[in-house]
Structures are given as C-alpha cells and as structure tokens.
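These notes concern the structure reproduced below.
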Amino acid sequence: MQPVYLFVTCMVDSFRPEGGIAAVRVLERRGAAVDFPADQTCCGQFSFNAGYHHEAAMLARHFVQVFEGSDGPIVALSGSCAAMVIHEYPSLIADDVVSTGGTTLEAANWKNRAVLVGNRVVELSQWIMRFTEEPSEIPNPVISSALHQGCHMRHLLKANVEPEAVLRQCGINPVALEDADQCCGFGGTYSITEWKVSTALADSKWDSVKQSAQDHQIACLTSADLGCLLHLDGRQSRLGEMFPVMYLAELIDRADQGTLMEIRGRSVKGGSHGRDTSR
Amino acid sequence: MEHLPQDPRPWPVRRDTALQDTVLQTTLTHVTHRLNNARIAAYRHYPSGEAARIRAIARKREAIQDWSVLLDRAEEEITAHGGHVKRAATPEAVGAYVLEIARQHSVKRVIKSKSMVTEEVQLNAQLEAAGLDVRETDLGEYIIQLAHEKPSHILAPAAHKNRQQIQRLFVDTVADAGEEVSEDIQELTRFARNKLRQDFLSADMGITGGNFLVAETGTVVVITNEGNADMVTTMPRVLVSIIGIEKIVQDWDALEDIIQQPALSGVGQRLSSYTTIISGPRARESWEGPDEWHVVLLDNGRRKIHGGPYQDVLSCIRCGACLNVCPVFQQVGGHGYGSVYSGPIGTVLSPLLGGMDAFGELPSHLCTMCYACQEACPMDIPLPHEIISLRETAVSERREPAAVRTQYRLWGQAWSTATGYRRSVTAARLAQRLAIRRVGLAAGWLHTRTMPFVSSVTFLEDWAKKHRRGSS
Ligand code: SF4
C-alpha cells in the first residue's frame, strides 16, 4: 500500500465533504493508504490573489508544517490549490519571512521546506495517472461528460491530459467544451467582488455546455476544481435549472461502483441565459 | 494634462455599458477568437518560431536593461543621417515639439499611421487644438477618429463596431451629399481608401509611431497591415516618428527575431504585411522621402518603471495576444478599462504610467487571475504576478476599505491554526442557519447565484468520527 496524504481543501471540506469521502474511496481502491493530516486548513490562495500576502503566508506556513515530515504524495482535491502550493509557496513564504524581520537564512530555510512539500503535491487525476497502472483496455464509454478544465490546472499545472485520460479509463467519454480554455469566472474572491463580470462569464460557460449538450449526449458537467463547479452550479440553480454537476472524484467513485447510469437530472435547456445579471 | 488619458466614467458604468452592448459582445468575440486562433495556428505551422521567440525574449530584455547606452547610440546614428532627435518627458513636451516643427514648416494638414503612443499623449487633440487638420490613415483608427472614440483593442482599434455602424458613421461624417455607401466590408474599405487618398496627397506632415528603434543604425521600423505607413513616410514634406523609449532594440540581428513576434502573436502571420523602414530624410540623390525627419523619444513614466519590479513590462511589443485570451476583456472590451492600454497589459501598464489613483481599480476588478495571458504572451511577461503585485500595493497603501482589510486579517489569523479554522467553519454554519448570509464578502455571490451550504458534517468532522478510535 502506498501512503498518500490527502489535502482536502477548504471548499471540499465545508461545501462538498461527499467529494472528499469519494476521493478517499477512489484512492483506497487504487491501493493507497490514505492519511488525512487533520490540522490542515486552506492553501491561502484567496488572500494571495487578493494581494494580502502576509495573511496568505501565514496559511502557507501552517500548510507546510502540517504536511512536512512525512513521505509520499500529497493528493490535492483541486488543481488550483495544488498550483498555489507548488508555484507560489516558496517565494511567498520566503518574502514574508524577510518582510517580517527574519534573516535571509531563515527565509532560505523556509523556502526549502516549502519546495520539499510542493514537490510532493499532485492533483487527484494526476495521482491516478502517475501512480496507478493504466488498465490494459479502455472500456467502452457508459456515459459522456462535459469536462471543464480549471484555469490553474490548465495554465499552471499544465495537467491537460490527466482528467480526460482518467475519465476514459472509467468508462466516461470526456467532451471538451467549446472555448474550453475560457475562464468560467469563478476566480476565488473575484466571484464576489466583481460578481457582474463573474456571472457574465458563468453564463458564457453555460452557453458552451448547452452547445455540447446539443452536439453530444452528455450526462453531466465535471471538473477537478470544485470552486468552478460551485460557481457554475450556483448560477444555474438561481436560474432554476438542474443539469447534473459532478465533482470529478465523485464521478470516478460512481464509475468504480458501476452507478454512472444513475446520474440523472434535468437536461440543460436550450436557448441562452442571456446577459441579465440582475437575477 | 495627465500622463495617461482616462475615461471619466467610473468602472461600474463602463462595465455595465459594455455588458449590455450586444454589438460589442458579438464583434469582440469574433475579433478576439479570429486573432487568437490565427496565433495558435501560426506557431504550430512554424516549428522554428519558438526558438526565435526565446531568442527574442532574451535580446529584448537585454535591450531594455541597457537602454541608456542604446538610446544614445540610436540618437547619434539618427543625427548622423540627417535626422533630428527630441527626448520628451511628458505628453505636453511631445505636443509642443510637434507644433513647433509644424509652425516652422507652415504645416496645415497632418496624416498619421497607427500609433498607440500618440493615443497615450493625446497628440491629435493637442494638434487640433492648435488648428491643425489631423487624419488617421489606419482603417480602424480612421473609424474611431471619425466616431470620436478611443481604441477598443491595441491592434484592432474599432473591434467594437460592426459594419452597419461603420457604414452609418461614414454616411454621417465623410460621405459627400448623396454619395452611396455600401455595407459590404470590401466596399467600405474601398470607400475609406478613396477618401484617404485625398488626405495623403494634400498632407504636409506625416506622423508615425514606431514598433522598433534599431540602435546600431538609428532606424525606425513600423509594421502595418495596410501599408499606410509607407505613404505617411514618403508623401508629406516633414516626417515625425514618435516612439516610446522601450521600443529600442540593439541591432538587426536582434530585430530579426523580435520583429516576428508581433506578427505571429498579433495577427498569426510569419511577418507583418508591410514593414516600413525609416533611416533618414530624403538624401540629395533620392527622389522620395521627407525633407526633414524628426524622432521624438517619449519617456512619460517609463524610466520610473526601469530598474523596478515591473521592468519586464517594458519588453511588451503590443501584439495584443494577451487581450485576445483575457476573459474579462472578452466581456467588457477595451473601453471597459478606461485607458488607451487595455486587456492584461493595460491592467498593468495603466496604473504604472498613469498612477494608482486613476487606474488602481484595474488590477483588482478586471482580472479573474486565470493566467491565460501569461501563457499567450510571446515575451513571457509575468502579467498575472504583476497584477497580484499591484493588488498587494493597493492593500499596503490602504486603498481597500478598512472593513475588507479587517476581514482578510481575521481570516488569515483564524485559518492559520486548526482550531481557528474549525471554529470559523462552525460559525459560518451557524450564520447560515440564522440566515445572516447577505453580509460581508458573501453578499456579492448571492446577487446572481445560489449559495452552497456549509455541510452539516464537514469532511474533517466525518473523518474524525470514522477514525476516532485510532483505527488509522
Ligand atoms: S503583454 Fe505580451 S501578449 Fe500582451 S501585448 Fe504585450 S507582448 Fe503582447
């Protein structure tokens, strides 16, 4: 059994614990011994992106302390949070050590610790592709799913084949969206501070999903990033629609259990949501 | 005059206007997709383009680093070829210099090729205020000049207009009484060309910008898609080239790599359709070219950027690739930014040149932090990090409301400990049970989306329950 340390992320923890529970099952079925360091909190990206770097660095240091001292992959349930730890932590923490009066030696020390932790971080679909054996045969797809690739997965982790490949292994035909590389508008706190533009982008993304629904028989929309999905789902539900939106780990878990066919919701309606952002 | 012109309308007004403008939404999507797809295809079909790009980045960064020496060299060369060099610190200095030359040569009519830097210094307004006739000769610039608007895209200034609007504009402004104007794009172009012919023939002064200034020979290089710069540089008696000092490149060897980048990334071509090379005024034995050539080198805040954390933005070649991939740009277009420089590069450059008081809202409100621009930028300018860094500046200068700052501070303190985190999740759950969710940061979400509920059992609580007896 391979030890794996689960980084559940604050969003999955609070808003979609089922996603975390599903991820544990997915990992265990594939031979991982899952440990969940219970003192973990949040990667701090919200604060970092908003320009609150000292606050972000406090969270980053906490994260490093929680996850260091063990060996083996740290599986993140979000491509975006994984990218934060891998790409931003080393310089974020080191800069903060210096700007709060630490020595350059202390900064270098912290940087090193952050790099060591960051080197172990992978997003769930990356872990499956890197650490498990590919099935000898790709099964015939049971369903199709639209795949929304989060921007940080795409541009920072450059994990652009893993989610698709994992879905295929699981008997799910991944359907790339029209304008797949367009941001859905979530953007962490951007979805709150600039909600009008954020919502306009969500509407564009739903237009693409609808296009896919017309061109392919898609059963649901999935993504490795729960933040994007909460934003998109919150938008459709405000508009009274109920197209199934499934967090990636839950979709894989269903595939493992053979319950993909049960995904049912109302299909996406035709027509445009329009640009009415007042609703 | 301010360093950088600013739309007086506040961001919410600019944003709402853009989001409701259906023509803008359609034309913008069309233009940005076309340019972006062309860029991707161009690099794909040109495998050695990537190597040229990497060399271009290195050479351009070096040129920026050594710009004082190189600018001196360029000045010597230009002067040696009979040109005149003026270093201008401000928009007013540019205007005053150009007007002085115009006065000396009794200039009445001026023609221009497309230039962002003259937009930056509002040259047209300065010249027109002194009674000169100014005519833009790039089709897109011509259109927005007639409409009294600012460019909505660095490369495609009239990207926000459709052909019906352009047809109407021509009828209302430049068509002779009773003259027919078709809505057909080819016809519209032909119409503009005919009108512009007259302007080319009657102009006394030509004004160009410059994409590159080659130090070793003192040469100004202008690239266009329409060839209009060829006419602007050869027909009038006097020629003025106005160039930001960051356009310097060291030599022709570097230029060969760098000049491909705006073509590949901007319009998806290996080379721009027209490359106009200006090396001096008309020589005695030559029969074409201007009698006098002036080169104005503009600072306007650029030197302040040099040597600081944002020096990389000076490597920008204004290709517009970052605009074409930016999700926010796609929604609000160039006019949403309230600055002549729009999109991700404008989000960084505008506050650096024009100050945080005027443009501080761009980094915080016009970026979702998606990193698409970073991947698209041929010059590897770290735009997202620069935007984050400007947000950090806004925070440290206390530009954010005190309540927001406090929220972030408390959030950071609470969530950097396990107990603090657990307590605040419990508090959030309680708050939503008491239905007090329309306050604080969360309010914005609820305007247009339903809010997910904090689960009654979080993952952490579930895990603790399952593993209580030390079974793991
Ligand atoms: S920042 Fe990069 S992508 Fe944007 S205009 Fe400049 S060179 Fe082009």
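Letters for chains follow the order of the structure tokens (A, B, ...), residue numbers begin at 1 for each chain, and ligand numbers begin at 1 in the order shown.
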### Task
Step by step, measure atom-to-atom distances between ligand 1 and each residue using only C-alpha atoms and all ligand atoms, keep those at most 8 Å, then write them as a PyMOL selection string.
chain B and resi 154+262+265-266+313+315-323+343-345+373-374+376-381+383
Writing out the chosen residues with C-alpha atoms as a PDB file, in the first residue's frame:
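This is the output file result_27.pdb:
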```
ATOM      1  CA  ILE B 154      -4.444  47.669 -29.102  1.00  0.00           C
ATOM      2  CA  PRO B 262       4.078  40.855 -33.121  1.00  0.00           C
ATOM      3  CA  SER B 265       1.231  36.621 -31.899  1.00  0.00           C
ATOM      4  CA  GLY B 266      -0.771  39.593 -33.056  1.00  0.00           C
ATOM      5  CA  VAL B 313       6.515  45.132 -18.964  1.00  0.00           C
ATOM      6  CA  SER B 315       9.534  44.304 -23.148  1.00  0.00           C
ATOM      7  CA  CYS B 316       5.941  44.393 -24.371  1.00  0.00           C
ATOM      8  CA  ILE B 317       5.691  44.548 -28.140  1.00  0.00           C
ATOM      9  CA  ARG B 318       1.973  45.460 -28.094  1.00  0.00           C
ATOM     10  CA  CYS B 319       0.944  42.381 -30.016  1.00  0.00           C
ATOM     11  CA  GLY B 320      -2.430  42.163 -28.290  1.00  0.00           C
ATOM     12  CA  ALA B 321      -2.259  38.397 -27.714  1.00  0.00           C
ATOM     13  CA  CYS B 322      -2.997  38.858 -24.024  1.00  0.00           C
ATOM     14  CA  LEU B 323      -6.156  40.800 -24.850  1.00  0.00           C
ATOM     15  CA  GLY B 343      -6.506  43.989 -21.528  1.00  0.00           C
ATOM     16  CA  PRO B 344      -3.962  42.389 -19.218  1.00  0.00           C
ATOM     17  CA  ILE B 345      -1.107  44.592 -20.407  1.00  0.00           C
ATOM     18  CA  CYS B 373      -2.377  35.911 -20.654  1.00  0.00           C
ATOM     19  CA  GLN B 374       0.823  34.595 -19.192  1.00  0.00           C
ATOM     20  CA  ALA B 376      -0.218  33.678 -24.510  1.00  0.00           C
ATOM     21  CA  CYS B 377       2.369  36.420 -24.108  1.00  0.00           C
ATOM     22  CA  PRO B 378       5.199  35.852 -26.596  1.00  0.00           C
ATOM     23  CA  MET B 379       7.545  37.953 -24.481  1.00  0.00           C
ATOM     24  CA  ASP B 380       6.898  35.920 -21.321  1.00  0.00           C
ATOM     25  CA  ILE B 381       5.817  38.924 -19.325  1.00  0.00           C
ATOM     26  CA  LEU B 383       1.301  39.609 -16.197  1.00  0.00           C
TER      27      LEU B 383
END
```
Determine, counting only C-alpha atoms, which protein, DNA and RNA residues have an atom within 6 Å of an atom of segment 85-93 of chain A; residues of the same chain fewer than 5 positions away are not included. Present the result as a PDB file with N, CA and C atoms, in the first residue's frame.
```
ATOM      1  N   ALA A  57       0.714  34.096   3.589  1.00  0.00           N
ATOM      2  CA  ALA A  57       1.939  33.433   4.045  1.00  0.00           C
ATOM      3  C   ALA A  57       1.722  32.721   5.376  1.00  0.00           C
ATOM      4  N   LYS A 111      12.020  28.483   2.526  1.00  0.00           N
ATOM      5  CA  LYS A 111      11.808  28.268   1.103  1.00  0.00           C
ATOM      6  C   LYS A 111      12.051  26.798   0.768  1.00  0.00           C
ATOM      7  N   ALA A 114       9.280  24.637   1.911  1.00  0.00           N
ATOM      8  CA  ALA A 114       8.109  24.785   1.036  1.00  0.00           C
ATOM      9  C   ALA A 114       8.310  24.027  -0.274  1.00  0.00           C
ATOM     10  N   VAL A 115       9.533  24.079  -0.797  1.00  0.00           N
ATOM     11  CA  VAL A 115       9.813  23.369  -2.055  1.00  0.00           C
ATOM     12  C   VAL A 115       9.646  21.867  -1.852  1.00  0.00           C
ATOM     13  N   GLY A 118       6.041  21.124  -1.679  1.00  0.00           N
ATOM     14  CA  GLY A 118       5.443  21.359  -3.006  1.00  0.00           C
ATOM     15  C   GLY A 118       5.758  20.250  -3.995  1.00  0.00           C
TER      16      GLY A 118
END
```
### Two-atom distance - atom CA of Gly69 of chain A, atom CA of Thr104 of chain A (Å)
22.8 Å
### Query
How would you write, as a count of residues only, the set of residues in segment 279-346 of chain B that DSSP gives as strand (DSSP E or B)?
7
Write out as a CSV table (one decimal) with N, CA and C atoms, in the first residue's frame every residue belonging to chain B that has an atom at most 6 Å from any atom of chain A, counting only C-alpha atoms.
```
chain,number,residue,atom,x,y,z
B,368,THR,N,-9.5,37.9,-13.4
B,368,THR,CA,-10.0,36.8,-12.7
B,368,THR,C,-8.9,35.9,-12.2
B,370,CYS,N,-6.7,34.1,-14.2
B,370,CYS,CA,-6.8,32.8,-14.8
B,370,CYS,C,-5.5,32.4,-15.5
B,388,ILE,N,-1.1,40.7,-9.4
B,388,ILE,CA,-1.2,40.4,-8.0
B,388,ILE,C,-0.4,41.4,-7.2
B,391,ARG,N,-2.1,44.6,-6.8
B,391,ARG,CA,-3.1,44.4,-5.7
B,391,ARG,C,-2.5,44.6,-4.3
B,392,GLU,N,-1.3,43.9,-4.2
B,392,GLU,CA,-0.6,44.0,-2.9
B,392,GLU,C,-0.3,45.4,-2.6
B,412,GLY,N,-7.0,35.4,7.9
B,412,GLY,CA,-5.7,34.9,7.9
B,412,GLY,C,-5.3,34.4,9.3
B,416,SER,N,-4.9,30.2,10.0
B,416,SER,CA,-3.6,29.6,10.1
B,416,SER,C,-3.4,28.7,11.4
B,418,ALA,N,-5.5,25.2,13.3
B,418,ALA,CA,-6.5,24.2,13.0
B,418,ALA,C,-7.8,24.6,13.8
B,444,GLY,N,-21.9,39.6,-2.5
B,444,GLY,CA,-21.7,39.6,-4.0
B,444,GLY,C,-22.1,38.4,-4.7
B,445,TRP,N,-21.8,37.2,-4.1
B,445,TRP,CA,-22.2,35.9,-4.7
B,445,TRP,C,-23.7,35.8,-4.9
B,448,THR,N,-26.4,36.8,-7.9
B,448,THR,CA,-26.7,36.1,-9.2
B,448,THR,C,-26.7,34.6,-9.0
B,449,ARG,N,-26.2,34.1,-7.9
B,449,ARG,CA,-26.1,32.7,-7.7
B,449,ARG,C,-26.6,32.2,-6.4
B,450,THR,N,-27.0,30.9,-6.3
B,450,THR,CA,-27.4,30.4,-5.0
B,450,THR,C,-26.1,30.0,-4.3
B,454,VAL,N,-22.8,25.3,3.9
B,454,VAL,CA,-21.7,24.6,4.7
B,454,VAL,C,-22.4,23.3,5.2
B,455,SER,N,-21.7,22.3,4.9
B,455,SER,CA,-22.3,21.0,5.2
B,455,SER,C,-22.5,20.8,6.7
B,458,THR,N,-18.7,18.3,8.1
B,458,THR,CA,-17.7,18.6,7.2
B,458,THR,C,-16.8,17.3,7.0
B,459,PHE,N,-16.0,17.4,6.0
B,459,PHE,CA,-15.1,16.2,5.8
B,459,PHE,C,-14.3,15.9,7.0
```
### Task
Write down as a PyMOL selection string the residues of segment 55-204 of chain A whose backbone DSSP state falls under helix (DSSP H, G or I).
chain A and resi 55-67+79-99+104-119+124-131+151-157+162-169+190-193+195-204
### Message
With only C-alpha atoms as the counted atoms, please give the residues lying no more than 12 Å from Lys150 of chain B, apart from itself and same-chain residues fewer than 6 positions off, as a PyMOL selection string.
### Response
chain B and resi 5-7+116+118-120+122+124-125+140-144+156-160+333-342
Next, write the just-selected residues to a file, as a compact mmCIF listing (two decimals), in the first residue's frame, keeping N, CA and C atoms as the atom set.
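This is the output file result34.txt:
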```
# COMPACT_ATOMS: atom_id res chain seq x y z
N PRO B 5 -4.42 59.35 -20.68
CA PRO B 5 -5.83 59.77 -20.70
C PRO B 5 -6.71 58.76 -19.97
N GLN B 6 -7.73 59.26 -19.33
CA GLN B 6 -8.60 58.39 -18.55
C GLN B 6 -10.06 58.70 -18.87
N ASP B 7 -10.82 57.66 -19.10
CA ASP B 7 -12.25 57.80 -19.31
C ASP B 7 -12.87 58.30 -18.01
N MET B 116 0.04 53.70 -30.85
CA MET B 116 -0.54 53.73 -29.50
C MET B 116 0.06 54.87 -28.68
N THR B 118 0.89 57.82 -29.64
CA THR B 118 0.24 59.11 -29.86
C THR B 118 -1.15 59.13 -29.23
N GLU B 119 -1.76 57.94 -29.07
CA GLU B 119 -3.00 57.87 -28.30
C GLU B 119 -2.69 58.22 -26.85
N GLU B 120 -1.58 57.67 -26.38
CA GLU B 120 -1.18 57.89 -24.99
C GLU B 120 -0.99 59.38 -24.70
N GLN B 122 -2.28 61.81 -26.43
CA GLN B 122 -3.40 62.54 -27.00
C GLN B 122 -2.92 63.60 -28.00
N ASN B 124 -3.49 63.95 -31.21
CA ASN B 124 -4.47 64.54 -32.11
C ASN B 124 -5.16 65.74 -31.45
N ALA B 125 -5.57 65.55 -30.21
CA ALA B 125 -6.26 66.63 -29.50
C ALA B 125 -5.34 67.84 -29.38
N GLY B 140 -8.88 51.17 -38.97
CA GLY B 140 -9.52 51.14 -37.65
C GLY B 140 -9.41 52.47 -36.93
N GLU B 141 -8.22 53.07 -36.99
CA GLU B 141 -8.02 54.37 -36.34
C GLU B 141 -8.87 55.44 -37.02
N TYR B 142 -8.97 55.35 -38.35
CA TYR B 142 -9.78 56.29 -39.12
C TYR B 142 -11.22 56.25 -38.62
N ILE B 143 -11.71 55.02 -38.43
CA ILE B 143 -13.10 54.84 -37.98
C ILE B 143 -13.30 55.45 -36.60
N ILE B 144 -12.40 55.15 -35.66
CA ILE B 144 -12.65 55.69 -34.32
C ILE B 144 -12.37 57.19 -34.26
N ALA B 156 -6.67 46.22 -33.00
CA ALA B 156 -7.86 46.42 -33.82
C ALA B 156 -8.71 47.49 -33.14
N PRO B 157 -8.38 48.77 -33.41
CA PRO B 157 -8.97 49.85 -32.61
C PRO B 157 -10.50 49.93 -32.71
N ALA B 158 -11.06 49.47 -33.83
CA ALA B 158 -12.51 49.57 -34.00
C ALA B 158 -13.18 48.21 -33.81
N ALA B 159 -12.56 47.34 -33.02
CA ALA B 159 -13.07 45.97 -32.84
C ALA B 159 -14.48 45.95 -32.26
N HIS B 160 -14.92 47.07 -31.70
CA HIS B 160 -16.25 47.09 -31.06
C HIS B 160 -17.37 47.47 -32.02
N GLY B 333 -14.43 44.52 -23.27
CA GLY B 333 -13.74 45.21 -24.36
C GLY B 333 -12.81 46.30 -23.85
N GLY B 334 -12.11 46.93 -24.77
CA GLY B 334 -11.10 47.90 -24.40
C GLY B 334 -11.65 49.10 -23.64
N HIS B 335 -12.86 49.52 -24.01
CA HIS B 335 -13.39 50.72 -23.35
C HIS B 335 -13.72 50.48 -21.89
N GLY B 336 -13.87 49.21 -21.52
CA GLY B 336 -14.13 48.89 -20.11
C GLY B 336 -12.97 49.31 -19.21
N TYR B 337 -11.77 49.39 -19.81
CA TYR B 337 -10.60 49.67 -18.99
C TYR B 337 -10.41 51.16 -18.72
N GLY B 338 -11.08 51.99 -19.50
CA GLY B 338 -10.98 53.43 -19.27
C GLY B 338 -9.61 54.00 -19.56
N SER B 339 -8.79 53.21 -20.29
CA SER B 339 -7.42 53.63 -20.60
C SER B 339 -7.15 53.24 -22.04
N VAL B 340 -6.24 53.95 -22.70
CA VAL B 340 -5.92 53.55 -24.08
C VAL B 340 -5.25 52.17 -24.11
N TYR B 341 -4.60 51.81 -23.00
CA TYR B 341 -3.99 50.48 -22.91
C TYR B 341 -4.96 49.57 -22.18
N SER B 342 -5.47 48.55 -22.86
CA SER B 342 -6.50 47.71 -22.25
C SER B 342 -6.00 46.27 -22.14
```
